[in-house]
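Input: a single structure, listed below in structure tokens.
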Amino acid sequence: MKNLLFPSFLTVVFALLCLTGCAGKHGKLMESAQANYRVNDYEAALRDAVMALKHKPDYEKAQNFAPTFFNAVVEVRQRKIKTLESSSDKFRWDGLVAEYKGLIEINALVKSLPPLIHKKTKQRITFETQDYSVPLRQVSEQAAEAHYQEGIRIADSGSDVETQKRAAKEFKAAQGFVPGYKNADDRYEQAKSAGVKRMAIFTFESADEDAYKYGGLLETITDDIIASVLNNDDAREFLDIISQEEVEAIMAERHFGFSERFDDTIFAGIGQAAGVHELVIGKITRLSYAPARTKSKSISRKRMLKIPAGKYVDEKGRTRTRYTDKRISATFTHYTIESSVTLTGSYKITQ
């Protein structure tokens with residue numbers, strides 16, 4: 001792709017760079033900066049140049065190129081800002097927030113440099129930074145408002161769980177741009193409450209009777225599935241898994257035992273009694289058990305220890321213990337007992 005930013009000047013200077021070569025860590029960083037610039041990754045080029053200057057502030061090549069890289073990054077981001085400003089996309093503000101944050105970040109990057117004095121001209125090297133805090137605050141407000149209004153629109157469009165879940169995410173996004181925006185927090189909690197899906201995960205059944213020989217195996221599988229869901233923050237936000245105790249209590253009320261084979265109608269009845277939206281029903285179709293086997297391995301260890309080697313009297317007349325180094329060795333056998341169970345199964349989610 002043809003460079004649109006400073007093509008002729010930088011082409012010449014880059015050629016000179018390649019001819020003169022680079023040395024040391026700062027030199028390798030500038031080589032990386034050149035490579036990144038050639039593929040139009042100006043921000044990566046700037047970061048490499050800044051790192052080179054932090055390693056060697058008087059490195060002339062980095063001094064020459066860092067301001068040029070900085071200007072290229074600014075021009076690209078400002079061009080994106082103009083494009084977004086002319087867009088009719090209601091969520092264009094999200095992109096504008098990202099661009100202004102990017103500009104603030106590269107300002108902080110060059111400001112982290114020590115004072116730079118050009119090696120030849122002895123002039124101070126400066127970067128034309130600007131204060132983007134005001135426009136960032138303005139577009140953040142616009143982004144928050146766009147998501148807030150979208151949350152209201154979605155929340156008013158339906159009372160079902162999925163609709164309210166989508167509304168809650170919009171109110172949460174509004175707060176992400178402007179913490180405490182209007183009453184987005186209250187609206188989020190309301191929509192989230194209506195958007196939480198209650199789920200029951202039934203203890204897995206098994207078509208292989210051997211599965212019941214290993215006490216608690218099926219319960220362990222079920223508990224592991226529940227734990228994996230609860231450890232996922234994204235899944236947990238809009239999901240409420242009812243406890244196994246609650247499932248068991250409902251089943252006891254309806255005089256069902258876990259050993260019985262249920263059809264979908266019975267499961268649906270239990271789910272309705274528990275007030276859940278979805279039920280997860282699983283079955284182990286095959287179980288393969290590898291009997292325990294013992295492995296042994298001989299291990300040798302050597303150590304140098306200090307051991308008592310007699311007494312002596314020091315210059316102050318005190319009795320001391322004299323130590324000497326002694327190499328000791330030991331050989332022992334390490335036993336490992338291994339066993340494994342391979343399970344094949346399936347599950348389905350019913351509503």
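Every chain in the structure tokens takes a letter, A first, then B, and so on in the order presented; its residues are numbered from 1, and the ligands are numbered from 1 following the presented order.
Residues lying within 9 Å of Asn71 in chain A, counting only C-alpha atoms and ignoring same-chain neighbours fewer than 4 positions away, are Ala66, Pro67, Glu75, Val76, Phe127 and Glu128 of chain A.
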Store the residues of this selection in a file with C-alpha atoms, as a CSV table (one decimal), in the first residue's frame.
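After the write, result.csv holds the following:
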chain,number,residue,atom,x,y,z
A,66,ALA,CA,10.4,10.0,16.8
A,67,PRO,CA,8.7,13.4,16.1
A,75,GLU,CA,-2.6,12.7,11.6
A,76,VAL,CA,-4.1,9.2,11.2
A,127,PHE,CA,6.5,17.1,20.3
A,128,GLU,CA,3.4,19.1,19.3
Subject >> range 185-194 of chain A environment, 10 Å, only C-alpha atoms, sequence neighbours closer than 4 positions dropped, as a list in words >> reply: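 Result of the neighbour search: Tyr148, Gly151, Ile152, Ile154, Ala155, Ser159, Asp160, Val161, Glu162, Thr163, Gln164, Lys165, Arg166, Ala167, Ala168, Lys169, Glu170, Phe171, Lys172, Ala173, Ala174, Gln175, Pro179, Gly180, Tyr181, Glu237, Phe238 and Leu239 of chain A.
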**OP:** Between CA of Ala52 in chain A and CA of Leu29 in chain A, measure the distance and give it in Å to one decimal.
**Re:** 5.7 Å
**OP:** Do a neighbour search on Arg322 in chain A at 6 Å with only C-alpha atoms, toss out local chain neighbours closer than 6 positions, and write the hits as a PyMOL selection string.
**Re:** chain A and resi 308-311
Please produce an output containing N, CA and C atoms for each residue in the selection, written as a compact mmCIF listing (two decimals), in the first residue's frame.
# COMPACT_ATOMS: atom_id res chain seq x y z
N PRO A 308 29.58 -32.27 62.50
CA PRO A 308 30.57 -32.01 63.57
C PRO A 308 31.81 -32.88 63.37
N ALA A 309 32.97 -32.27 63.62
CA ALA A 309 34.25 -33.00 63.46
C ALA A 309 35.16 -32.78 64.66
N GLY A 310 34.60 -32.55 65.83
CA GLY A 310 35.40 -32.38 67.03
C GLY A 310 35.25 -31.02 67.66
N LYS A 311 35.96 -30.80 68.73
CA LYS A 311 35.91 -29.55 69.48
C LYS A 311 37.27 -28.85 69.43
**OP:** DSSP on the backbone, then: every residue of range 118-345 of chain A marked strand (DSSP E or B), written as an MDAnalysis selection string.
**Re:** chainID A and resid 124 197:201 205:206 239:241 278:313 319:345
Original post:
What's the 12 Å shell around Ala98 in chain A, counting only C-alpha atoms, without same-chain residues fewer than 4 positions away, as a PyMOL selection string?
Top reply: chain A and resi 77-78+80-81+84+91-94+102-105+132+135-137+139-140+143+177
Using only C-alpha atoms, determine which residues lie at most 7 Å from Arg198 in chain A, disregarding the query and same-chain residues fewer than 5 positions distant; provide the list as a PDB file with N, CA and C atoms, in the first residue's frame.
ATOM      1  N   LEU A 239     -27.221 -14.971  34.798  1.00  0.00           N
ATOM      2  CA  LEU A 239     -27.615 -16.361  34.972  1.00  0.00           C
ATOM      3  C   LEU A 239     -27.703 -16.694  36.454  1.00  0.00           C
ATOM      4  N   ASP A 240     -28.789 -17.333  36.835  1.00  0.00           N
ATOM      5  CA  ASP A 240     -28.990 -17.761  38.221  1.00  0.00           C
ATOM      6  C   ASP A 240     -29.245 -19.265  38.210  1.00  0.00           C
ATOM      7  N   ILE A 241     -28.258 -20.019  38.689  1.00  0.00           N
ATOM      8  CA  ILE A 241     -28.402 -21.473  38.733  1.00  0.00           C
ATOM      9  C   ILE A 241     -28.968 -21.863  40.085  1.00  0.00           C
ATOM     10  N   ILE A 242     -30.131 -22.495  40.067  1.00  0.00           N
ATOM     11  CA  ILE A 242     -30.739 -22.880  41.342  1.00  0.00           C
ATOM     12  C   ILE A 242     -29.965 -24.060  41.918  1.00  0.00           C
ATOM     13  N   VAL A 276     -37.890 -21.874  36.670  1.00  0.00           N
ATOM     14  CA  VAL A 276     -36.689 -21.698  35.863  1.00  0.00           C
ATOM     15  C   VAL A 276     -37.072 -21.518  34.400  1.00  0.00           C
ATOM     16  N   HIS A 277     -36.143 -20.887  33.659  1.00  0.00           N
ATOM     17  CA  HIS A 277     -36.363 -20.651  32.239  1.00  0.00           C
ATOM     18  C   HIS A 277     -35.804 -21.793  31.397  1.00  0.00           C
ATOM     19  N   GLU A 278     -34.697 -22.394  31.870  1.00  0.00           N
ATOM     20  CA  GLU A 278     -34.055 -23.453  31.102  1.00  0.00           C
ATOM     21  C   GLU A 278     -33.609 -24.573  32.042  1.00  0.00           C
TER      22      GLU A 278
END
Original post:
So how far away is CA of Glu43 in chain A from CA of Thr83 in chain A, in Å?
Top reply: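 The value is 19.3 Å.
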**OP:** Go through A:Arg327, A:His334, A:Lys90, A:Arg320 one by one, measure the shortest atom-to-atom distance of each to Ser298 in chain A using only C-alpha atoms, and give the residue with the smallest value.
**Re:**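 Closest to Ser298 in chain A, using only C-alpha atoms: A:His334.
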**OP:** Pick out the residues sitting within 10 Å of Arg303 in chain A, and hand them over as a PyMOL selection string; count only C-alpha atoms, and ignore anything fewer than 5 positions along from it in its own chain.
**Re:** chain A and resi 326-330
Write to file, as a short mmCIF file (atom, residue, chain, number, x, y, z; two decimals), in the first residue's frame, the residues of the selection just made, with N, CA and C atoms.
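Generated output (result-v3.cif):
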data_model
loop_
_atom_site.label_atom_id
_atom_site.label_comp_id
_atom_site.auth_asym_id
_atom_site.auth_seq_id
_atom_site.Cartn_x
_atom_site.Cartn_y
_atom_site.Cartn_z
N LYS A 326 30.85 -32.99 54.29
CA LYS A 326 30.79 -34.41 53.97
C LYS A 326 29.70 -34.62 52.91
N ARG A 327 30.08 -35.30 51.86
CA ARG A 327 29.11 -35.60 50.80
C ARG A 327 28.35 -36.86 51.16
N ILE A 328 27.02 -36.78 51.10
CA ILE A 328 26.19 -37.95 51.36
C ILE A 328 25.31 -38.22 50.15
N SER A 329 24.90 -39.45 50.01
CA SER A 329 24.04 -39.83 48.89
C SER A 329 22.97 -40.78 49.38
N ALA A 330 21.86 -40.77 48.66
CA ALA A 330 20.75 -41.66 49.01
C ALA A 330 20.03 -42.07 47.74
#
**OP:** Using only C-alpha atoms, determine which residues lie at most 12 Å from Asn64 in chain A, disregarding the query and same-chain residues fewer than 2 positions distant; provide the list as a ChimeraX atom specification.
**Re:** /A:9-10,13-14,17,30,46,49-50,52-53,57-62,66-70,116-121,123-127
**OP:** Report as a VMD selection string: the residues of range 25-176 of chain A with a DSSP assignment of helix (DSSP H, G or I), based on the backbone of this structure.
**Re:** chain A and resid 25 to 38 42 to 55 60 to 85 92 to 111 133 to 157 161 to 176
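For the pair CA of Leu343 in chain A and CA of Ile281 in chain A, the interatomic distance is 16.0 Å.
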